[in-house]
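Written below as structure tokens is the structure these notes are about.
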Amino acid sequence: WVADAQSALTDAELDEKRIRCKPKKRPGIYGPIDSYPPATMATCGELMISELLPHDVEVVDISAHGLSETNKVVMIAERKGSLHLMNVMADSDRGNWDLHQPAMRSFKSHSCQNRNLFCDLTSVFLADDGFWVVDRHRVMSFNFSYSPDESEYLIGQVGQFNMAPSVASDLNYPTNLAFYRPLNTTNINNDIYITPFILDAKHTFVFISDTGNHRVMMYN
């Protein structure tokens, strides 16, 4: 059926269709996409990992979060190692991009035999009430107040520690996660209201890239 439909088109129509149906990578050529216009990113400075942490490590992810106007933090995920929480400088000519040293806190260490430690970190996400971690075959949610003396508490986990999937809902080498949160119970943001046609928009969702299973998992 598709082949017949294609053969019925003229050469000019086929050329136009090939262009129109290409992946939309360049908005100016292939039409609009959900993207910011091109811009040049200015480099404020360079921070060497060997200067920030006690030893030179391979970093797999960095997450930044503003707890308030003057209190910002950065979490560094170390490959086959720990998570390192650092405070961002709030003032001076290095404000908002340089980090206080040493790290305020480091969380756990590496082991693929102890489920209370991290096996193979790939991603971290900071939130107001704690942080989320993507580890081998699992995603964990920790409650944390960002106080230097406060302990982190595991409050949720999806997947199994360092174990290949045994059921369809298990994760297989997840690599990243993202969140959807509405502004409040009536608005998605300042300009878009939640209507009866999009009732689920009032809920919070977590999207996990379940890379080994070639899918994205959505959790409420």
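Chain labels follow the order of the structure tokens: the first chain is A, the next B, and so on; residue numbering restarts at 1 in every chain, and ligands are counted from 1 in their shown order.
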
Can you list, as a short mmCIF file (atom, residue, chain, number, x, y, z; two decimals) with all heavy atoms, in the first residue's frame, all residues belonging to segment 99-177 of chain A that DSSP tags as strand (DSSP E)?
```cif
data_model
loop_
_atom_site.label_atom_id
_atom_site.label_comp_id
_atom_site.auth_asym_id
_atom_site.auth_seq_id
_atom_site.Cartn_x
_atom_site.Cartn_y
_atom_site.Cartn_z
N ARG A 105 29.33 18.10 51.21
CA ARG A 105 29.01 16.74 51.59
C ARG A 105 29.36 15.80 50.45
O ARG A 105 29.30 16.17 49.29
CB ARG A 105 27.51 16.60 51.88
CG ARG A 105 27.05 17.10 53.23
CD ARG A 105 27.40 16.11 54.33
NE ARG A 105 26.88 14.79 54.08
CZ ARG A 105 25.64 14.40 54.39
NH1 ARG A 105 24.79 15.25 54.94
NH2 ARG A 105 25.25 13.16 54.15
N SER A 106 29.71 14.58 50.81
CA SER A 106 29.82 13.51 49.83
C SER A 106 28.92 12.37 50.30
O SER A 106 28.86 12.07 51.50
CB SER A 106 31.26 13.02 49.70
OG SER A 106 32.06 14.01 49.08
N PHE A 107 28.20 11.76 49.35
CA PHE A 107 27.22 10.74 49.69
C PHE A 107 27.67 9.38 49.19
O PHE A 107 27.94 9.20 48.00
CB PHE A 107 25.86 11.07 49.06
CG PHE A 107 25.28 12.38 49.53
CD1 PHE A 107 25.55 13.54 48.84
CD2 PHE A 107 24.48 12.43 50.66
CE1 PHE A 107 25.01 14.76 49.25
CE2 PHE A 107 23.94 13.64 51.08
CZ PHE A 107 24.20 14.80 50.38
N SER A 123 23.43 9.51 36.42
CA SER A 123 22.74 10.79 36.40
C SER A 123 22.27 11.15 37.81
O SER A 123 22.03 10.27 38.64
CB SER A 123 21.55 10.74 35.44
OG SER A 123 20.91 12.00 35.35
N VAL A 124 22.13 12.47 38.05
CA VAL A 124 21.61 12.97 39.32
C VAL A 124 20.72 14.16 39.04
O VAL A 124 20.96 14.93 38.09
CB VAL A 124 22.76 13.34 40.28
CG1 VAL A 124 23.65 14.43 39.69
CG2 VAL A 124 22.22 13.79 41.64
N PHE A 125 19.67 14.32 39.83
CA PHE A 125 18.72 15.43 39.67
C PHE A 125 18.41 15.99 41.05
O PHE A 125 18.00 15.25 41.95
CB PHE A 125 17.44 14.95 38.98
CG PHE A 125 16.42 16.03 38.78
CD1 PHE A 125 16.43 16.80 37.63
CD2 PHE A 125 15.46 16.30 39.75
CE1 PHE A 125 15.49 17.81 37.44
CE2 PHE A 125 14.52 17.29 39.58
CZ PHE A 125 14.54 18.06 38.42
N LEU A 126 18.60 17.30 41.22
CA LEU A 126 18.34 17.97 42.50
C LEU A 126 16.94 18.57 42.52
O LEU A 126 16.47 19.12 41.52
CB LEU A 126 19.36 19.07 42.75
CG LEU A 126 20.83 18.64 42.88
CD1 LEU A 126 21.72 19.84 43.12
CD2 LEU A 126 20.99 17.63 44.00
N ALA A 127 16.28 18.48 43.67
CA ALA A 127 14.97 19.07 43.88
C ALA A 127 14.97 19.79 45.21
O ALA A 127 15.92 19.71 45.99
CB ALA A 127 13.89 17.99 43.84
N GLY A 130 15.19 17.19 48.13
CA GLY A 130 16.16 16.10 48.08
C GLY A 130 16.75 15.92 46.70
O GLY A 130 16.85 16.87 45.93
N PHE A 131 17.07 14.68 46.35
CA PHE A 131 17.67 14.42 45.05
C PHE A 131 17.33 13.02 44.57
O PHE A 131 16.98 12.14 45.35
CB PHE A 131 19.19 14.62 45.10
CG PHE A 131 19.91 13.81 46.14
CD1 PHE A 131 20.40 12.54 45.85
CD2 PHE A 131 20.10 14.30 47.42
CE1 PHE A 131 21.07 11.79 46.79
CE2 PHE A 131 20.77 13.55 48.39
CZ PHE A 131 21.26 12.30 48.08
N TRP A 132 17.42 12.86 43.23
CA TRP A 132 17.17 11.59 42.56
C TRP A 132 18.47 11.12 41.92
O TRP A 132 19.25 11.93 41.41
CB TRP A 132 16.10 11.74 41.49
CG TRP A 132 14.73 12.04 42.02
CD1 TRP A 132 14.33 13.18 42.66
CD2 TRP A 132 13.58 11.21 41.95
NE1 TRP A 132 13.00 13.10 42.99
CE2 TRP A 132 12.51 11.91 42.56
CE3 TRP A 132 13.33 9.94 41.41
CZ2 TRP A 132 11.23 11.38 42.66
CZ3 TRP A 132 12.06 9.41 41.49
CH2 TRP A 132 11.02 10.13 42.12
N VAL A 133 18.68 9.81 41.93
CA VAL A 133 19.92 9.24 41.41
C VAL A 133 19.58 8.10 40.46
O VAL A 133 18.73 7.25 40.76
CB VAL A 133 20.80 8.72 42.56
CG1 VAL A 133 22.03 8.01 42.01
CG2 VAL A 133 21.22 9.86 43.48
N VAL A 134 20.26 8.07 39.32
CA VAL A 134 20.16 6.95 38.39
C VAL A 134 21.40 6.09 38.55
O VAL A 134 22.53 6.55 38.34
CB VAL A 134 20.03 7.43 36.93
CG1 VAL A 134 19.92 6.25 35.99
CG2 VAL A 134 18.84 8.36 36.78
N ASP A 135 21.19 4.84 38.98
CA ASP A 135 22.28 3.90 39.22
C ASP A 135 22.06 2.69 38.30
O ASP A 135 21.11 2.66 37.52
CB ASP A 135 22.28 3.50 40.70
CG ASP A 135 23.57 2.80 41.12
OD1 ASP A 135 24.59 2.94 40.43
OD2 ASP A 135 23.55 2.13 42.17
N ARG A 138 18.54 0.82 38.40
CA ARG A 138 17.60 1.36 39.37
C ARG A 138 17.67 2.89 39.40
O ARG A 138 18.67 3.49 38.99
CB ARG A 138 17.88 0.82 40.78
CG ARG A 138 19.23 1.25 41.35
CD ARG A 138 19.41 0.77 42.78
NE ARG A 138 20.73 1.11 43.28
CZ ARG A 138 21.12 0.91 44.54
NH1 ARG A 138 20.28 0.37 45.42
NH2 ARG A 138 22.35 1.24 44.93
N VAL A 139 16.58 3.48 39.88
CA VAL A 139 16.50 4.92 40.13
C VAL A 139 16.05 5.10 41.57
O VAL A 139 15.08 4.47 42.01
CB VAL A 139 15.52 5.62 39.16
CG1 VAL A 139 15.32 7.07 39.57
CG2 VAL A 139 16.04 5.53 37.74
N MET A 140 16.75 5.96 42.32
CA MET A 140 16.46 6.15 43.74
C MET A 140 16.10 7.60 44.03
O MET A 140 16.64 8.52 43.41
CB MET A 140 17.68 5.75 44.58
CG MET A 140 18.03 4.28 44.50
SD MET A 140 19.58 3.91 45.36
CE MET A 140 20.74 4.64 44.20
N SER A 141 15.20 7.78 44.98
CA SER A 141 14.79 9.10 45.44
C SER A 141 15.18 9.25 46.91
O SER A 141 14.82 8.40 47.74
CB SER A 141 13.29 9.29 45.27
OG SER A 141 12.87 10.51 45.84
N PHE A 142 15.91 10.33 47.22
CA PHE A 142 16.36 10.59 48.58
C PHE A 142 15.75 11.88 49.10
O PHE A 142 15.69 12.89 48.38
CB PHE A 142 17.89 10.73 48.64
CG PHE A 142 18.63 9.45 48.38
CD1 PHE A 142 19.02 9.11 47.08
CD2 PHE A 142 18.95 8.59 49.41
CE1 PHE A 142 19.71 7.94 46.83
CE2 PHE A 142 19.64 7.41 49.17
CZ PHE A 142 20.01 7.09 47.88
N ASN A 143 15.30 11.84 50.34
CA ASN A 143 14.88 13.05 51.03
C ASN A 143 16.10 13.66 51.71
O ASN A 143 16.86 12.94 52.39
CB ASN A 143 13.80 12.73 52.06
CG ASN A 143 13.32 13.96 52.80
OD1 ASN A 143 13.73 14.22 53.92
ND2 ASN A 143 12.46 14.73 52.17
N TYR A 153 17.82 10.26 53.28
CA TYR A 153 16.95 9.11 53.55
C TYR A 153 16.36 8.62 52.24
O TYR A 153 15.73 9.38 51.50
CB TYR A 153 15.84 9.49 54.53
CG TYR A 153 16.34 9.91 55.88
CD1 TYR A 153 16.53 11.25 56.18
CD2 TYR A 153 16.65 8.96 56.86
CE1 TYR A 153 17.00 11.65 57.43
CE2 TYR A 153 17.12 9.34 58.11
CZ TYR A 153 17.29 10.69 58.39
OH TYR A 153 17.76 11.07 59.62
N LEU A 154 16.55 7.34 51.96
CA LEU A 154 15.98 6.73 50.77
C LEU A 154 14.48 6.57 50.97
O LEU A 154 14.03 5.89 51.90
CB LEU A 154 16.62 5.37 50.51
CG LEU A 154 16.09 4.58 49.31
CD1 LEU A 154 16.38 5.31 48.01
CD2 LEU A 154 16.69 3.17 49.29
N ILE A 155 13.68 7.21 50.11
CA ILE A 155 12.24 7.16 50.26
C ILE A 155 11.55 6.43 49.11
O ILE A 155 10.34 6.18 49.17
CB ILE A 155 11.64 8.58 50.40
CG1 ILE A 155 11.99 9.43 49.18
CG2 ILE A 155 12.12 9.24 51.68
CD1 ILE A 155 11.32 10.80 49.20
N GLY A 156 12.28 6.10 48.06
CA GLY A 156 11.67 5.39 46.95
C GLY A 156 12.71 4.84 46.00
O GLY A 156 13.80 5.39 45.86
N GLN A 157 12.39 3.72 45.36
CA GLN A 157 13.29 3.12 44.39
C GLN A 157 12.49 2.39 43.32
O GLN A 157 11.50 1.73 43.61
CB GLN A 157 14.26 2.15 45.07
CG GLN A 157 15.15 1.38 44.09
CD GLN A 157 16.18 0.52 44.79
OE1 GLN A 157 16.96 1.00 45.59
NE2 GLN A 157 16.19 -0.78 44.47
N VAL A 158 12.93 2.54 42.07
CA VAL A 158 12.38 1.80 40.94
C VAL A 158 13.50 0.95 40.36
O VAL A 158 14.61 1.46 40.14
CB VAL A 158 11.82 2.74 39.87
CG1 VAL A 158 11.32 1.95 38.68
CG2 VAL A 158 10.71 3.61 40.44
N GLY A 159 13.25 -0.32 40.12
CA GLY A 159 14.27 -1.20 39.59
C GLY A 159 14.97 -1.97 40.70
O GLY A 159 14.67 -1.82 41.89
N ASN A 176 19.01 8.40 32.42
CA ASN A 176 18.69 9.77 32.80
C ASN A 176 17.23 9.84 33.22
O ASN A 176 16.46 8.89 33.02
CB ASN A 176 18.96 10.73 31.64
CG ASN A 176 19.46 12.07 32.13
OD1 ASN A 176 19.00 12.56 33.17
ND2 ASN A 176 20.37 12.69 31.40
N LEU A 177 16.85 10.99 33.78
CA LEU A 177 15.46 11.20 34.17
C LEU A 177 15.11 12.67 34.05
O LEU A 177 15.98 13.54 34.02
CB LEU A 177 15.18 10.69 35.58
CG LEU A 177 15.98 11.26 36.75
CD1 LEU A 177 15.37 12.53 37.30
CD2 LEU A 177 16.06 10.24 37.88
#
```

Exercise: segment 78-91 of chain A partners within 7 Å, only C-alpha atoms, chain neighbours under 3 positions left out, as a short mmCIF file (atom, residue, chain, number, x, y, z; two decimals) with all heavy atoms, in the first residue's frame:
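Written file, part18.cif:
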```cif
data_model
loop_
_atom_site.label_atom_id
_atom_site.label_comp_id
_atom_site.auth_asym_id
_atom_site.auth_seq_id
_atom_site.Cartn_x
_atom_site.Cartn_y
_atom_site.Cartn_z
N VAL A 57 38.71 12.57 39.25
CA VAL A 57 37.76 11.51 38.95
C VAL A 57 37.09 11.80 37.61
O VAL A 57 37.19 12.90 37.06
CB VAL A 57 36.67 11.41 40.06
CG1 VAL A 57 37.31 11.13 41.41
CG2 VAL A 57 35.82 12.67 40.12
N GLU A 58 36.40 10.80 37.10
CA GLU A 58 35.59 10.98 35.89
C GLU A 58 34.17 11.35 36.31
O GLU A 58 33.53 10.63 37.07
CB GLU A 58 35.57 9.70 35.07
CG GLU A 58 34.77 9.84 33.77
CD GLU A 58 34.76 8.56 32.97
OE1 GLU A 58 35.44 7.60 33.35
OE2 GLU A 58 34.04 8.54 31.93
N VAL A 59 33.71 12.48 35.83
CA VAL A 59 32.38 12.98 36.17
C VAL A 59 31.39 12.55 35.09
O VAL A 59 31.64 12.73 33.90
CB VAL A 59 32.39 14.52 36.31
CG1 VAL A 59 30.97 15.05 36.48
CG2 VAL A 59 33.24 14.92 37.50
N VAL A 60 30.25 11.97 35.51
CA VAL A 60 29.25 11.51 34.56
C VAL A 60 28.06 12.47 34.46
O VAL A 60 27.35 12.47 33.46
CB VAL A 60 28.75 10.10 34.90
CG1 VAL A 60 29.87 9.10 34.74
CG2 VAL A 60 28.17 10.03 36.30
N THR A 70 19.84 33.38 47.06
CA THR A 70 21.26 33.47 47.45
C THR A 70 21.86 32.12 47.84
O THR A 70 23.02 32.06 48.24
CB THR A 70 21.42 34.44 48.63
OG1 THR A 70 20.63 33.98 49.74
CG2 THR A 70 21.00 35.85 48.24
N ASN A 71 21.09 31.06 47.75
CA ASN A 71 21.58 29.74 48.14
C ASN A 71 21.41 28.77 46.99
O ASN A 71 20.31 28.31 46.71
CB ASN A 71 20.83 29.25 49.38
CG ASN A 71 21.40 27.95 49.92
OD1 ASN A 71 22.47 27.49 49.48
ND2 ASN A 71 20.71 27.33 50.86
N LYS A 72 22.49 28.48 46.30
CA LYS A 72 22.48 27.57 45.15
C LYS A 72 23.49 26.47 45.41
O LYS A 72 24.55 26.69 46.00
CB LYS A 72 22.81 28.32 43.86
CG LYS A 72 21.80 29.39 43.49
CD LYS A 72 22.21 30.11 42.21
CE LYS A 72 21.15 31.13 41.79
NZ LYS A 72 21.01 32.22 42.77
N VAL A 73 23.16 25.28 44.93
CA VAL A 73 24.03 24.12 45.13
C VAL A 73 24.25 23.39 43.82
O VAL A 73 23.46 23.51 42.87
CB VAL A 73 23.43 23.15 46.18
CG1 VAL A 73 23.44 23.76 47.56
CG2 VAL A 73 22.02 22.71 45.78
N VAL A 74 25.32 22.62 43.78
CA VAL A 74 25.68 21.79 42.62
C VAL A 74 26.01 20.40 43.13
O VAL A 74 26.72 20.24 44.13
CB VAL A 74 26.88 22.38 41.86
CG1 VAL A 74 27.45 21.37 40.87
CG2 VAL A 74 26.48 23.65 41.13
N MET A 75 25.48 19.38 42.46
CA MET A 75 25.80 17.99 42.79
C MET A 75 26.60 17.39 41.64
O MET A 75 26.19 17.47 40.48
CB MET A 75 24.53 17.18 43.03
CG MET A 75 24.77 15.74 43.49
SD MET A 75 24.98 15.59 45.26
CE MET A 75 23.25 15.46 45.77
N ARG A 94 33.03 36.38 41.28
CA ARG A 94 32.91 34.98 40.89
C ARG A 94 31.56 34.40 41.30
O ARG A 94 31.34 33.19 41.25
CB ARG A 94 34.04 34.16 41.52
CG ARG A 94 35.43 34.67 41.15
CD ARG A 94 36.51 34.05 42.03
NE ARG A 94 36.71 32.65 41.71
CZ ARG A 94 37.54 32.22 40.77
NH1 ARG A 94 38.22 33.09 40.03
NH2 ARG A 94 37.71 30.94 40.54
N GLY A 95 30.64 35.28 41.72
CA GLY A 95 29.33 34.83 42.17
C GLY A 95 28.53 34.14 41.09
O GLY A 95 28.59 34.52 39.91
N ASN A 96 27.78 33.11 41.50
CA ASN A 96 26.87 32.35 40.64
C ASN A 96 27.54 31.38 39.69
O ASN A 96 26.85 30.71 38.91
CB ASN A 96 25.93 33.27 39.86
CG ASN A 96 24.96 34.00 40.76
OD1 ASN A 96 24.42 33.42 41.69
ND2 ASN A 96 24.75 35.28 40.49
N TRP A 97 28.88 31.27 39.72
CA TRP A 97 29.50 30.25 38.88
C TRP A 97 30.65 29.53 39.57
O TRP A 97 30.94 28.38 39.28
CB TRP A 97 29.95 30.81 37.53
CG TRP A 97 31.14 31.73 37.59
CD1 TRP A 97 31.11 33.10 37.67
CD2 TRP A 97 32.52 31.37 37.55
NE1 TRP A 97 32.39 33.60 37.70
CE2 TRP A 97 33.27 32.57 37.62
CE3 TRP A 97 33.20 30.17 37.47
CZ2 TRP A 97 34.67 32.59 37.61
CZ3 TRP A 97 34.59 30.19 37.46
CH2 TRP A 97 35.31 31.38 37.53
N ASP A 98 31.32 30.16 40.51
CA ASP A 98 32.40 29.48 41.21
C ASP A 98 31.83 28.72 42.41
O ASP A 98 30.73 29.02 42.90
CB ASP A 98 33.44 30.48 41.69
CG ASP A 98 34.79 29.82 41.91
OD1 ASP A 98 34.86 28.57 41.83
OD2 ASP A 98 35.79 30.53 42.18
N LEU A 99 32.58 27.73 42.89
CA LEU A 99 32.11 26.85 43.95
C LEU A 99 33.00 26.97 45.18
O LEU A 99 34.21 27.11 45.08
CB LEU A 99 32.10 25.39 43.47
CG LEU A 99 31.23 25.08 42.26
CD1 LEU A 99 31.46 23.64 41.80
CD2 LEU A 99 29.76 25.30 42.57
N HIS A 100 32.35 26.90 46.34
CA HIS A 100 33.11 26.84 47.59
C HIS A 100 33.79 25.49 47.70
O HIS A 100 33.21 24.44 47.38
CB HIS A 100 32.19 27.05 48.79
CG HIS A 100 31.68 28.45 48.92
ND1 HIS A 100 32.47 29.50 49.35
CD2 HIS A 100 30.46 28.98 48.68
CE1 HIS A 100 31.74 30.61 49.38
NE2 HIS A 100 30.52 30.32 48.96
N ALA A 103 34.05 20.18 49.05
CA ALA A 103 32.64 19.83 48.93
C ALA A 103 31.97 19.87 50.30
O ALA A 103 32.56 19.47 51.31
CB ALA A 103 32.48 18.44 48.31
N MET A 104 30.71 20.35 50.33
CA MET A 104 29.97 20.42 51.58
C MET A 104 29.69 19.02 52.11
O MET A 104 29.77 18.77 53.31
CB MET A 104 28.66 21.17 51.36
CG MET A 104 27.81 21.32 52.62
SD MET A 104 26.29 22.23 52.34
CE MET A 104 25.27 20.97 51.57
N ARG A 105 29.33 18.10 51.21
CA ARG A 105 29.01 16.74 51.59
C ARG A 105 29.36 15.80 50.45
O ARG A 105 29.30 16.17 49.29
CB ARG A 105 27.51 16.60 51.88
CG ARG A 105 27.05 17.10 53.23
CD ARG A 105 27.40 16.11 54.33
NE ARG A 105 26.88 14.79 54.08
CZ ARG A 105 25.64 14.40 54.39
NH1 ARG A 105 24.79 15.25 54.94
NH2 ARG A 105 25.25 13.16 54.15
N SER A 106 29.71 14.58 50.81
CA SER A 106 29.82 13.51 49.83
C SER A 106 28.92 12.37 50.30
O SER A 106 28.86 12.07 51.50
CB SER A 106 31.26 13.02 49.70
OG SER A 106 32.06 14.01 49.08
N PHE A 107 28.20 11.76 49.35
CA PHE A 107 27.22 10.74 49.69
C PHE A 107 27.67 9.38 49.19
O PHE A 107 27.94 9.20 48.00
CB PHE A 107 25.86 11.07 49.06
CG PHE A 107 25.28 12.38 49.53
CD1 PHE A 107 25.55 13.54 48.84
CD2 PHE A 107 24.48 12.43 50.66
CE1 PHE A 107 25.01 14.76 49.25
CE2 PHE A 107 23.94 13.64 51.08
CZ PHE A 107 24.20 14.80 50.38
N LYS A 108 27.77 8.45 50.10
CA LYS A 108 28.03 7.04 49.82
C LYS A 108 29.33 6.86 49.04
O LYS A 108 30.09 7.78 48.83
CB LYS A 108 26.84 6.41 49.10
CG LYS A 108 25.52 6.55 49.88
CD LYS A 108 24.40 5.83 49.19
CE LYS A 108 23.09 5.97 49.94
NZ LYS A 108 23.15 5.31 51.27
N SER A 109 29.58 5.65 48.62
CA SER A 109 30.76 5.33 47.83
C SER A 109 30.38 4.24 46.83
O SER A 109 29.20 4.01 46.59
CB SER A 109 31.91 4.88 48.75
OG SER A 109 31.52 3.76 49.53
N HIS A 110 31.38 3.58 46.26
CA HIS A 110 31.13 2.63 45.17
C HIS A 110 31.19 1.19 45.64
O HIS A 110 32.12 0.77 46.32
CB HIS A 110 32.14 2.85 44.06
CG HIS A 110 32.21 1.72 43.07
ND1 HIS A 110 31.19 1.44 42.19
CD2 HIS A 110 33.15 0.77 42.86
CE1 HIS A 110 31.50 0.39 41.45
NE2 HIS A 110 32.69 -0.03 41.84
N PHE A 118 26.52 2.98 45.81
CA PHE A 118 26.25 3.18 44.39
C PHE A 118 27.12 2.23 43.57
O PHE A 118 28.32 2.12 43.80
CB PHE A 118 26.54 4.62 43.97
CG PHE A 118 25.67 5.64 44.66
CD1 PHE A 118 26.24 6.79 45.21
CD2 PHE A 118 24.31 5.48 44.74
CE1 PHE A 118 25.45 7.74 45.83
CE2 PHE A 118 23.51 6.42 45.37
CZ PHE A 118 24.08 7.56 45.91
N CYS A 119 26.51 1.59 42.58
CA CYS A 119 27.26 0.68 41.71
C CYS A 119 27.85 1.43 40.52
O CYS A 119 29.05 1.39 40.29
CB CYS A 119 26.35 -0.45 41.24
SG CYS A 119 27.14 -1.59 40.08
N ASP A 120 27.01 2.10 39.76
CA ASP A 120 27.48 2.74 38.51
C ASP A 120 26.59 3.95 38.21
O ASP A 120 25.67 3.87 37.40
CB ASP A 120 27.45 1.74 37.37
CG ASP A 120 28.18 2.23 36.13
OD1 ASP A 120 28.86 3.28 36.22
OD2 ASP A 120 28.08 1.58 35.08
N LEU A 121 26.86 5.06 38.86
CA LEU A 121 26.05 6.27 38.69
C LEU A 121 26.09 6.76 37.24
O LEU A 121 27.15 6.73 36.60
CB LEU A 121 26.57 7.39 39.60
CG LEU A 121 26.41 7.20 41.10
CD1 LEU A 121 27.14 8.32 41.84
CD2 LEU A 121 24.95 7.18 41.48
#
```

Set the distance at 9 Å and use only C-alpha atoms: which residues neighbour segment 199-213 of chain A once local chain neighbours fewer than 2 positions away are removed? I'd like the list as a ChimeraX atom specification.
/A:134,137,139,171-188,194-197,215-220

So that I have them on file, write out the residues from the current selection with N, CA and C atoms, as an mmCIF file, in the first residue's frame.
```
data_model
loop_
_atom_site.group_PDB
_atom_site.id
_atom_site.type_symbol
_atom_site.label_atom_id
_atom_site.label_comp_id
_atom_site.auth_asym_id
_atom_site.auth_seq_id
_atom_site.Cartn_x
_atom_site.Cartn_y
_atom_site.Cartn_z
ATOM 1 N N VAL A 134 20.261 8.066 39.323
ATOM 2 C CA VAL A 134 20.160 6.945 38.390
ATOM 3 C C VAL A 134 21.403 6.085 38.554
ATOM 4 N N HIS A 137 20.579 -0.232 36.807
ATOM 5 C CA HIS A 137 19.297 -0.946 36.845
ATOM 6 C C HIS A 137 18.312 -0.383 37.872
ATOM 7 N N VAL A 139 16.578 3.481 39.878
ATOM 8 C CA VAL A 139 16.504 4.923 40.131
ATOM 9 C C VAL A 139 16.047 5.102 41.572
ATOM 10 N N LEU A 171 13.926 -1.936 35.292
ATOM 11 C CA LEU A 171 14.773 -1.081 34.460
ATOM 12 C C LEU A 171 16.013 -1.843 34.016
ATOM 13 N N ASN A 172 16.500 -1.479 32.831
ATOM 14 C CA ASN A 172 17.682 -2.119 32.262
ATOM 15 C C ASN A 172 18.650 -1.034 31.803
ATOM 16 N N TYR A 173 19.654 -0.758 32.613
ATOM 17 C CA TYR A 173 20.623 0.302 32.360
ATOM 18 C C TYR A 173 19.949 1.650 32.059
ATOM 19 N N PRO A 174 19.168 2.193 32.998
ATOM 20 C CA PRO A 174 18.629 3.539 32.798
ATOM 21 C C PRO A 174 19.767 4.552 32.781
ATOM 22 N N THR A 175 19.567 5.649 32.093
ATOM 23 C CA THR A 175 20.655 6.623 31.946
ATOM 24 C C THR A 175 20.305 8.029 32.412
ATOM 25 N N ASN A 176 19.014 8.396 32.423
ATOM 26 C CA ASN A 176 18.687 9.767 32.801
ATOM 27 C C ASN A 176 17.228 9.838 33.218
ATOM 28 N N LEU A 177 16.852 10.994 33.784
ATOM 29 C CA LEU A 177 15.460 11.202 34.167
ATOM 30 C C LEU A 177 15.113 12.672 34.047
ATOM 31 N N ALA A 178 13.820 12.940 33.945
ATOM 32 C CA ALA A 178 13.319 14.315 33.862
ATOM 33 C C ALA A 178 11.981 14.381 34.574
ATOM 34 N N PHE A 179 11.598 15.610 34.965
ATOM 35 C CA PHE A 179 10.371 15.813 35.721
ATOM 36 C C PHE A 179 9.432 16.750 34.987
ATOM 37 N N TYR A 180 8.149 16.504 35.190
ATOM 38 C CA TYR A 180 7.128 17.493 34.840
ATOM 39 C C TYR A 180 6.409 17.861 36.129
ATOM 40 N N ARG A 181 6.370 19.170 36.418
ATOM 41 C CA ARG A 181 5.639 19.680 37.576
ATOM 42 C C ARG A 181 4.846 20.904 37.137
ATOM 43 N N PRO A 182 3.546 20.947 37.411
ATOM 44 C CA PRO A 182 2.770 22.152 37.076
ATOM 45 C C PRO A 182 3.104 23.281 38.040
ATOM 46 N N LEU A 183 2.756 24.485 37.635
ATOM 47 C CA LEU A 183 2.966 25.640 38.516
ATOM 48 C C LEU A 183 2.141 25.497 39.784
ATOM 49 N N ASN A 184 0.886 25.070 39.640
ATOM 50 C CA ASN A 184 -0.009 24.813 40.771
ATOM 51 C C ASN A 184 -1.153 23.933 40.266
ATOM 52 N N THR A 185 -2.220 23.812 41.019
ATOM 53 C CA THR A 185 -3.323 22.926 40.626
ATOM 54 C C THR A 185 -4.199 23.501 39.517
ATOM 55 N N THR A 186 -4.006 24.756 39.160
ATOM 56 C CA THR A 186 -4.830 25.379 38.117
ATOM 57 C C THR A 186 -4.041 25.766 36.869
ATOM 58 N N ASN A 187 -2.716 25.888 36.986
ATOM 59 C CA ASN A 187 -1.908 26.363 35.869
ATOM 60 C C ASN A 187 -0.716 25.449 35.609
ATOM 61 N N ILE A 188 -0.470 25.203 34.300
ATOM 62 C CA ILE A 188 0.773 24.545 33.915
ATOM 63 C C ILE A 188 1.925 25.517 34.099
ATOM 64 N N ILE A 194 -4.862 24.760 33.273
ATOM 65 C CA ILE A 194 -5.215 23.339 33.210
ATOM 66 C C ILE A 194 -6.715 23.236 32.963
ATOM 67 N N THR A 195 -7.091 22.609 31.860
ATOM 68 C CA THR A 195 -8.498 22.501 31.471
ATOM 69 C C THR A 195 -8.984 21.069 31.670
ATOM 70 N N PRO A 196 -10.286 20.827 31.550
ATOM 71 C CA PRO A 196 -10.803 19.452 31.657
ATOM 72 C C PRO A 196 -10.233 18.501 30.614
ATOM 73 N N PHE A 197 -9.659 19.047 29.537
ATOM 74 C CA PHE A 197 -9.095 18.192 28.499
ATOM 75 C C PHE A 197 -7.692 17.702 28.854
ATOM 76 N N ARG A 215 13.187 2.276 25.751
ATOM 77 C CA ARG A 215 11.900 2.881 26.032
ATOM 78 C C ARG A 215 12.062 3.999 27.065
ATOM 79 N N VAL A 216 11.018 4.791 27.207
ATOM 80 C CA VAL A 216 10.937 5.801 28.251
ATOM 81 C C VAL A 216 9.812 5.400 29.186
ATOM 82 N N MET A 217 10.089 5.342 30.472
ATOM 83 C CA MET A 217 9.099 4.979 31.482
ATOM 84 C C MET A 217 8.566 6.242 32.136
ATOM 85 N N MET A 218 7.232 6.310 32.327
ATOM 86 C CA MET A 218 6.601 7.461 32.962
ATOM 87 C C MET A 218 5.952 7.011 34.266
ATOM 88 N N TYR A 219 6.265 7.716 35.346
ATOM 89 C CA TYR A 219 5.705 7.389 36.659
ATOM 90 C C TYR A 219 5.003 8.619 37.231
ATOM 91 N N ASN A 220 3.876 8.370 37.885
ATOM 92 C CA ASN A 220 3.110 9.452 38.528
ATOM 93 C C ASN A 220 3.578 9.571 39.964
#
```

Backbone DSSP call of alpha helix (DSSP H) for segment 9-219 of chain A, listed as a VMD selection string:
chain A and resid 11 to 20 27 to 30 49 to 52

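The spacing separating atom CA of Asn114 of chain A from atom CA of Asp61 of chain A amounts to 22.1 Å.
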
Atom CA of Phe144 of chain A sits from atom CA of His65 of chain A at a separation of 13.3 Å

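Straight-line separation from atom CA of Ser145 of chain A to atom CA of Ile76 of chain A: 17.3 Å.
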